[in-house]
>>> print(open('model-v1.cif').read())   # mmCIF, C-alpha atoms
data_work
loop_
_atom_site.group_PDB
_atom_site.id
_atom_site.type_symbol
_atom_site.label_atom_id
_atom_site.label_comp_id
_atom_site.auth_asym_id
_atom_site.auth_seq_id
_atom_site.Cartn_x
_atom_site.Cartn_y
_atom_site.Cartn_z
ATOM 1 C CA MET A 1 81.729 109.545 74.032
ATOM 2 C CA ASP A 2 79.358 106.673 74.846
ATOM 3 C CA ASN A 3 81.519 104.308 72.785
ATOM 4 C CA ILE A 4 84.407 104.502 75.276
ATOM 5 C CA ASP A 5 84.788 101.132 76.982
ATOM 6 C CA GLY A 6 87.297 99.315 79.164
ATOM 7 C CA ASN A 7 89.597 98.613 76.219
ATOM 8 C CA ASN A 8 89.750 102.313 75.316
ATOM 9 C CA LEU A 9 90.443 103.273 78.922
ATOM 10 C CA ARG A 10 93.096 100.589 79.307
ATOM 11 C CA GLU A 11 94.879 101.729 76.158
ATOM 12 C CA ILE A 12 94.854 105.404 77.170
ATOM 13 C CA VAL A 13 96.105 104.630 80.677
ATOM 14 C CA ARG A 14 98.753 102.219 79.333
ATOM 15 C CA ILE A 15 100.138 104.878 76.987
ATOM 16 C CA LEU A 16 100.034 107.569 79.681
ATOM 17 C CA VAL A 17 101.807 105.364 82.233
ATOM 18 C CA ARG A 18 104.408 104.258 79.691
ATOM 19 C CA ASN A 19 105.191 107.820 78.661
ATOM 20 C CA LEU A 20 105.393 109.074 82.244
ATOM 21 C CA GLY A 21 107.545 106.056 83.126
ATOM 22 C CA LEU A 22 109.926 106.860 80.291
ATOM 23 C CA LEU A 23 110.323 110.350 81.703
ATOM 24 C CA GLU A 24 111.217 108.916 85.097
ATOM 25 C CA ARG A 25 113.558 106.256 83.724
ATOM 26 C CA SER A 26 115.373 108.862 81.665
ATOM 27 C CA GLY A 27 116.708 110.247 84.932
ATOM 28 C CA ALA A 28 115.415 113.694 84.048
ATOM 29 C CA CYS A 29 113.558 113.916 87.321
ATOM 30 C CA CYS A 30 115.666 111.805 89.650
ATOM 31 C CA SER A 31 118.846 113.837 90.147
ATOM 32 C CA GLY A 32 121.235 110.903 89.830
ATOM 33 C CA VAL A 33 119.426 108.367 92.019
ATOM 34 C CA THR A 34 117.547 105.269 90.890
ATOM 35 C CA LEU A 35 113.841 105.450 90.157
ATOM 36 C CA THR A 36 112.983 103.547 93.346
ATOM 37 C CA GLN A 37 115.234 105.810 95.403
ATOM 38 C CA CYS A 38 113.663 108.839 93.730
ATOM 39 C CA HIS A 39 110.156 107.725 94.722
ATOM 40 C CA ALA A 40 111.298 107.012 98.272
ATOM 41 C CA ILE A 41 112.966 110.434 98.609
ATOM 42 C CA VAL A 42 109.829 112.174 97.359
ATOM 43 C CA GLU A 43 107.543 110.299 99.766
ATOM 44 C CA ILE A 44 109.871 110.931 102.714
ATOM 45 C CA GLY A 45 110.295 114.587 101.764
ATOM 46 C CA ARG A 46 106.573 115.153 101.518
ATOM 47 C CA ALA A 47 105.901 113.399 104.837
ATOM 48 C CA LYS A 48 108.918 115.020 106.575
ATOM 49 C CA GLU A 49 109.163 111.867 108.708
ATOM 50 C CA ILE A 50 107.638 108.466 108.004
ATOM 51 C CA THR A 51 107.876 104.926 109.316
ATOM 52 C CA LEU A 52 109.401 102.192 107.202
ATOM 53 C CA ASN A 53 106.039 100.371 107.115
ATOM 54 C CA ALA A 54 104.124 103.484 106.033
ATOM 55 C CA LEU A 55 106.705 104.186 103.325
ATOM 56 C CA ALA A 56 106.438 100.630 101.986
ATOM 57 C CA GLU A 57 102.655 100.952 101.937
ATOM 58 C CA SER A 58 102.651 104.342 100.224
ATOM 59 C CA LEU A 59 105.007 103.054 97.509
ATOM 60 C CA ASN A 60 103.105 99.772 97.245
ATOM 61 C CA VAL A 61 106.225 97.653 97.751
ATOM 62 C CA ASP A 62 107.106 95.036 100.339
ATOM 63 C CA LYS A 63 108.974 95.976 103.482
ATOM 64 C CA SER A 64 112.180 94.129 102.509
ATOM 65 C CA THR A 65 112.388 96.025 99.204
ATOM 66 C CA ILE A 66 111.988 99.425 100.835
ATOM 67 C CA SER A 67 114.370 98.429 103.622
ATOM 68 C CA ARG A 68 117.138 97.733 101.061
ATOM 69 C CA THR A 69 116.354 101.017 99.308
ATOM 70 C CA ILE A 70 116.599 102.899 102.595
ATOM 71 C CA ASP A 71 119.869 101.108 103.451
ATOM 72 C CA ASN A 72 121.360 102.423 100.204
ATOM 73 C CA LEU A 73 119.992 105.929 100.756
ATOM 74 C CA VAL A 74 121.514 105.981 104.257
ATOM 75 C CA ILE A 75 124.898 104.982 102.768
ATOM 76 C CA LEU A 76 124.535 107.819 100.221
ATOM 77 C CA ASP A 77 123.723 110.203 103.114
ATOM 78 C CA TYR A 78 120.306 111.134 101.701
ATOM 79 C CA VAL A 79 118.223 109.554 104.445
ATOM 80 C CA THR A 80 118.341 109.230 108.216
ATOM 81 C CA ARG A 81 116.979 106.193 110.006
ATOM 82 C CA GLU A 82 116.144 106.077 113.691
ATOM 83 C CA THR A 83 114.673 103.375 115.880
ATOM 84 C CA HIS A 84 111.756 104.628 117.954
ATOM 85 C CA PRO A 85 112.920 104.756 121.598
ATOM 86 C CA GLU A 86 109.779 103.037 122.941
ATOM 87 C CA ASN A 87 109.175 100.561 120.114
ATOM 88 C CA ARG A 88 112.362 99.106 118.619
ATOM 89 C CA ARG A 89 110.386 97.562 115.753
ATOM 90 C CA CYS A 90 109.288 101.041 114.607
ATOM 91 C CA ILE A 91 111.819 102.688 112.289
ATOM 92 C CA LYS A 92 111.452 106.414 111.570
ATOM 93 C CA ILE A 93 112.835 107.672 108.264
ATOM 94 C CA GLY A 94 113.697 111.283 107.416
ATOM 95 C CA LEU A 95 115.817 113.193 104.915
ATOM 96 C CA SER A 96 119.349 114.315 105.673
ATOM 97 C CA ASN A 97 120.462 117.756 104.485
ATOM 98 C CA ASN A 98 121.761 116.137 101.278
ATOM 99 C CA GLY A 99 118.479 114.276 100.870
ATOM 100 C CA GLN A 100 116.512 117.494 101.332
ATOM 101 C CA THR A 101 118.568 119.099 98.563
ATOM 102 C CA ILE A 102 117.871 116.178 96.200
ATOM 103 C CA PHE A 103 114.173 116.245 97.162
ATOM 104 C CA GLU A 104 113.934 119.938 96.324
ATOM 105 C CA LYS A 105 115.653 119.373 92.948
ATOM 106 C CA ILE A 106 113.270 116.517 92.110
ATOM 107 C CA GLU A 107 110.223 118.529 93.159
ATOM 108 C CA GLN A 108 111.323 121.561 91.108
ATOM 109 C CA SER A 109 112.047 119.412 88.072
ATOM 110 C CA MET A 110 108.632 117.762 88.281
ATOM 111 C CA MET A 111 106.858 121.077 88.925
ATOM 112 C CA ASP A 112 108.501 122.559 85.834
ATOM 113 C CA TYR A 113 107.579 119.512 83.750
ATOM 114 C CA TYR A 114 103.923 119.382 84.817
ATOM 115 C CA ASN A 115 103.508 123.163 84.584
ATOM 116 C CA ASN A 116 104.738 122.877 81.013
ATOM 117 C CA LEU A 117 102.278 120.047 80.303
ATOM 118 C CA ILE A 118 99.262 121.842 81.744
ATOM 119 C CA SER A 119 100.186 125.016 79.876
ATOM 120 C CA MET A 120 99.613 123.069 76.660
ATOM 121 C CA VAL A 121 95.999 122.339 77.619
ATOM 122 C CA ALA A 122 93.413 124.868 76.484
ATOM 123 C CA VAL A 123 92.157 126.960 79.406
ATOM 124 C CA GLU A 124 88.583 125.719 79.014
ATOM 125 C CA LYS A 125 89.758 122.076 79.156
ATOM 126 C CA LYS A 126 92.057 122.230 82.208
ATOM 127 C CA GLU A 127 89.263 121.596 84.710
ATOM 128 C CA ILE A 128 87.990 118.682 82.593
ATOM 129 C CA VAL A 129 91.453 117.090 82.591
ATOM 130 C CA HIS A 130 91.776 117.552 86.350
ATOM 131 C CA GLU A 131 88.296 116.217 87.136
ATOM 132 C CA GLY A 132 88.732 113.232 84.831
ATOM 133 C CA LEU A 133 92.060 112.210 86.336
ATOM 134 C CA GLN A 134 90.775 112.680 89.895
ATOM 135 C CA LEU A 135 87.693 110.596 89.118
ATOM 136 C CA LEU A 136 89.889 107.831 87.689
ATOM 137 C CA ILE A 137 92.125 107.885 90.783
ATOM 138 C CA ASP A 138 89.086 107.640 93.075
ATOM 139 C CA ILE A 139 87.634 104.721 91.121
ATOM 140 C CA VAL A 140 90.948 102.852 91.070
ATOM 141 C CA LYS A 141 91.392 103.331 94.840
ATOM 142 C CA GLN A 142 87.920 101.873 95.435
ATOM 143 C CA ASN A 143 88.624 98.859 93.240
ATOM 144 C CA LYS A 144 92.161 97.802 94.167
ATOM 145 C CA TYR A 145 91.044 94.224 94.782
ATOM 146 C CA CYS A 146 90.644 93.684 91.023
ATOM 147 C CA ALA A 147 94.338 94.276 90.432
ATOM 148 C CA MET A 148 95.301 91.999 93.310
ATOM 149 C CA LYS A 149 93.169 89.192 91.938
ATOM 150 C CA GLY A 150 94.770 89.494 88.504
ATOM 151 C CA LEU A 151 91.585 90.818 86.960
ATOM 152 C CA LEU A 152 93.145 93.931 85.432
#
>>> encode(input="model-v1.cif", output="structure tokens")
Amino acid sequence: MDNIDGNNLREIVRILVRNLGLLERSGACCSGVTLTQCHAIVEIGRAKEITLNALAESLNVDKSTISRTIDNLVILDYVTRETHPENRRCIKIGLSNNGQTIFEKIEQSMMDYYNNLISMVAVEKKEIVHEGLQLLIDIVKQNKYCAMKGLL
């Protein structure tokens, strides 16, 4: 294992991300909405209520991009948007009843998919997989500046 270097890690992560991205782009998990809308619905559903700025930050997109996404989700009656009564610049986003239904379908689809994946991992290796992925997430969070500087 000592021969694993940055190139090995990059290749493994690239393949993992590509394969997970193909799953999402296939529409299998998104219940008839676009991938961006799907991610927004999931974040809103998990938060129950979120500001436009916090949603943009959590999805790592700019405010204008998420604003257009939310506009479309409001038109589709999946999302509600309210201006905060004391701060008109603060926009609160929540799911409509239709949005909640889509959120639950997406969550169930993803739960089924990932339960199936983890069931394929040998019992004695499940904790290793979990610890390794969590460690990688923690390291990436601590080193975000590298990606922003074009170093990754």
>>> resolve_selection(input="model-v1.cif", expression="the PyMOL selection byres ((chain A and resi 52) around 7)", output="ChimeraX atom specification")
/A:50-51,53-56,91-93
>>> atom_distance(input="model-v1.cif", atom1="CA of Phe103 (chain A)", atom2="CA of Val79 (chain A)")
10.7 Å
>>> resolve_selection(input="model-v1.cif", expression="the PyMOL selection byres ((chain A and resi 43) around 12)", output="PyMOL selection string")
chain A and resi 36-42+44-52+54-60+66+79+93-95+99-100+103+106-107
>>> closest_residue(input="model-v1.cif", among="A:Leu20, A:Glu82, A:Val13, A:Val140", to="Tyr114 (chain A)", atoms="all atoms listed in the file")
A:Leu20
>>> closest_residue(input="model-v1.cif", among="A:Leu76, A:Val61, A:Ile15, A:Ile137", to="Asn98 (chain A)", atoms="all atoms listed in the file")
A:Leu76
>>> closest_residue(input="model-v1.cif", among="A:Asn143, A:Ser31, A:Asn19, A:Ser96", to="Met110 (chain A)", atoms="all atoms listed in the file")
A:Ser31
>>> atom_distance(input="model-v1.cif", atom1="CA of Gln108 (chain A)", atom2="CA of Lys126 (chain A)")
21.2 Å
>>> atom_distance(input="model-v1.cif", atom1="CA of Gly132 (chain A)", atom2="CA of Ile4 (chain A)")
13.6 Å
>>> decode(input="model-v1.cif", residues="region 40-112 of chain A", atoms="C-alpha atoms", output="PDB file, in the first residue's frame")
ATOM      1  CA  ALA A  40     -31.205  21.668  -5.013  1.00  0.00           C
ATOM      2  CA  ILE A  41     -34.310  19.682  -4.007  1.00  0.00           C
ATOM      3  CA  VAL A  42     -32.210  17.308  -1.912  1.00  0.00           C
ATOM      4  CA  GLU A  43     -30.396  20.131  -0.102  1.00  0.00           C
ATOM      5  CA  ILE A  44     -33.647  22.004   0.558  1.00  0.00           C
ATOM      6  CA  GLY A  45     -35.402  18.826   1.686  1.00  0.00           C
ATOM      7  CA  ARG A  46     -32.646  17.934   4.103  1.00  0.00           C
ATOM      8  CA  ALA A  47     -32.507  21.465   5.535  1.00  0.00           C
ATOM      9  CA  LYS A  48     -36.328  21.847   5.590  1.00  0.00           C
ATOM     10  CA  GLU A  49     -35.790  25.581   5.022  1.00  0.00           C
ATOM     11  CA  ILE A  50     -32.669  27.303   3.723  1.00  0.00           C
ATOM     12  CA  THR A  51     -31.629  30.717   2.468  1.00  0.00           C
ATOM     13  CA  LEU A  52     -30.713  31.233  -1.159  1.00  0.00           C
ATOM     14  CA  ASN A  53     -27.141  32.141  -0.138  1.00  0.00           C
ATOM     15  CA  ALA A  54     -26.735  29.042   2.044  1.00  0.00           C
ATOM     16  CA  LEU A  55     -28.099  26.842  -0.748  1.00  0.00           C
ATOM     17  CA  ALA A  56     -25.658  28.327  -3.268  1.00  0.00           C
ATOM     18  CA  GLU A  57     -22.809  27.740  -0.827  1.00  0.00           C
ATOM     19  CA  SER A  58     -23.811  24.163  -0.031  1.00  0.00           C
ATOM     20  CA  LEU A  59     -24.028  23.319  -3.748  1.00  0.00           C
ATOM     21  CA  ASN A  60     -20.832  25.241  -4.495  1.00  0.00           C
ATOM     22  CA  VAL A  61     -22.457  27.344  -7.220  1.00  0.00           C
ATOM     23  CA  ASP A  62     -22.851  31.086  -7.621  1.00  0.00           C
ATOM     24  CA  LYS A  63     -25.961  32.844  -6.402  1.00  0.00           C
ATOM     25  CA  SER A  64     -27.230  33.708  -9.907  1.00  0.00           C
ATOM     26  CA  THR A  65     -27.077  30.048 -10.973  1.00  0.00           C
ATOM     27  CA  ILE A  66     -29.024  28.822  -7.959  1.00  0.00           C
ATOM     28  CA  SER A  67     -31.466  31.713  -8.292  1.00  0.00           C
ATOM     29  CA  ARG A  68     -32.352  30.605 -11.854  1.00  0.00           C
ATOM     30  CA  THR A  69     -32.672  27.006 -10.663  1.00  0.00           C
ATOM     31  CA  ILE A  70     -35.013  28.073  -7.873  1.00  0.00           C
ATOM     32  CA  ASP A  71     -37.045  30.212 -10.307  1.00  0.00           C
ATOM     33  CA  ASN A  72     -37.643  27.107 -12.428  1.00  0.00           C
ATOM     34  CA  LEU A  73     -38.474  24.952  -9.406  1.00  0.00           C
ATOM     35  CA  VAL A  74     -41.013  27.553  -8.239  1.00  0.00           C
ATOM     36  CA  ILE A  75     -42.642  27.475 -11.704  1.00  0.00           C
ATOM     37  CA  LEU A  76     -42.779  23.654 -11.476  1.00  0.00           C
ATOM     38  CA  ASP A  77     -44.381  24.000  -8.007  1.00  0.00           C
ATOM     39  CA  TYR A  78     -41.605  22.046  -6.270  1.00  0.00           C
ATOM     40  CA  VAL A  79     -40.221  24.924  -4.227  1.00  0.00           C
ATOM     41  CA  THR A  80     -41.571  27.856  -2.247  1.00  0.00           C
ATOM     42  CA  ARG A  81     -39.691  31.123  -1.980  1.00  0.00           C
ATOM     43  CA  GLU A  82     -40.357  33.767   0.639  1.00  0.00           C
ATOM     44  CA  THR A  83     -38.703  37.078   1.385  1.00  0.00           C
ATOM     45  CA  HIS A  84     -37.786  37.439   5.047  1.00  0.00           C
ATOM     46  CA  PRO A  85     -40.134  40.058   6.557  1.00  0.00           C
ATOM     47  CA  GLU A  86     -37.322  41.938   8.343  1.00  0.00           C
ATOM     48  CA  ASN A  87     -34.583  41.579   5.724  1.00  0.00           C
ATOM     49  CA  ARG A  88     -35.831  41.796   2.133  1.00  0.00           C
ATOM     50  CA  ARG A  89     -32.447  40.645   0.821  1.00  0.00           C
ATOM     51  CA  CYS A  90     -32.840  37.317   2.663  1.00  0.00           C
ATOM     52  CA  ILE A  91     -34.770  34.738   0.635  1.00  0.00           C
ATOM     53  CA  LYS A  92     -36.021  31.608   2.417  1.00  0.00           C
ATOM     54  CA  ILE A  93     -36.484  28.491   0.297  1.00  0.00           C
ATOM     55  CA  GLY A  94     -38.601  25.456   1.194  1.00  0.00           C
ATOM     56  CA  LEU A  95     -40.265  22.527  -0.551  1.00  0.00           C
ATOM     57  CA  SER A  96     -43.883  22.599  -1.653  1.00  0.00           C
ATOM     58  CA  ASN A  97     -45.989  19.460  -1.199  1.00  0.00           C
ATOM     59  CA  ASN A  98     -45.026  18.401  -4.740  1.00  0.00           C
ATOM     60  CA  GLY A  99     -41.377  19.114  -3.978  1.00  0.00           C
ATOM     61  CA  GLN A 100     -41.561  17.043  -0.798  1.00  0.00           C
ATOM     62  CA  THR A 101     -42.925  14.128  -2.826  1.00  0.00           C
ATOM     63  CA  ILE A 102     -40.070  14.402  -5.351  1.00  0.00           C
ATOM     64  CA  PHE A 103     -37.544  14.723  -2.501  1.00  0.00           C
ATOM     65  CA  GLU A 104     -38.834  11.541  -0.885  1.00  0.00           C
ATOM     66  CA  LYS A 105     -38.652   9.668  -4.221  1.00  0.00           C
ATOM     67  CA  ILE A 106     -35.069  10.841  -4.787  1.00  0.00           C
ATOM     68  CA  GLU A 107     -34.034   9.931  -1.247  1.00  0.00           C
ATOM     69  CA  GLN A 108     -35.607   6.458  -1.511  1.00  0.00           C
ATOM     70  CA  SER A 109     -33.995   5.839  -4.886  1.00  0.00           C
ATOM     71  CA  MET A 110     -30.576   6.836  -3.566  1.00  0.00           C
ATOM     72  CA  MET A 111     -31.028   4.843  -0.344  1.00  0.00           C
ATOM     73  CA  ASP A 112     -31.886   1.748  -2.377  1.00  0.00           C
TER      74      ASP A 112
END
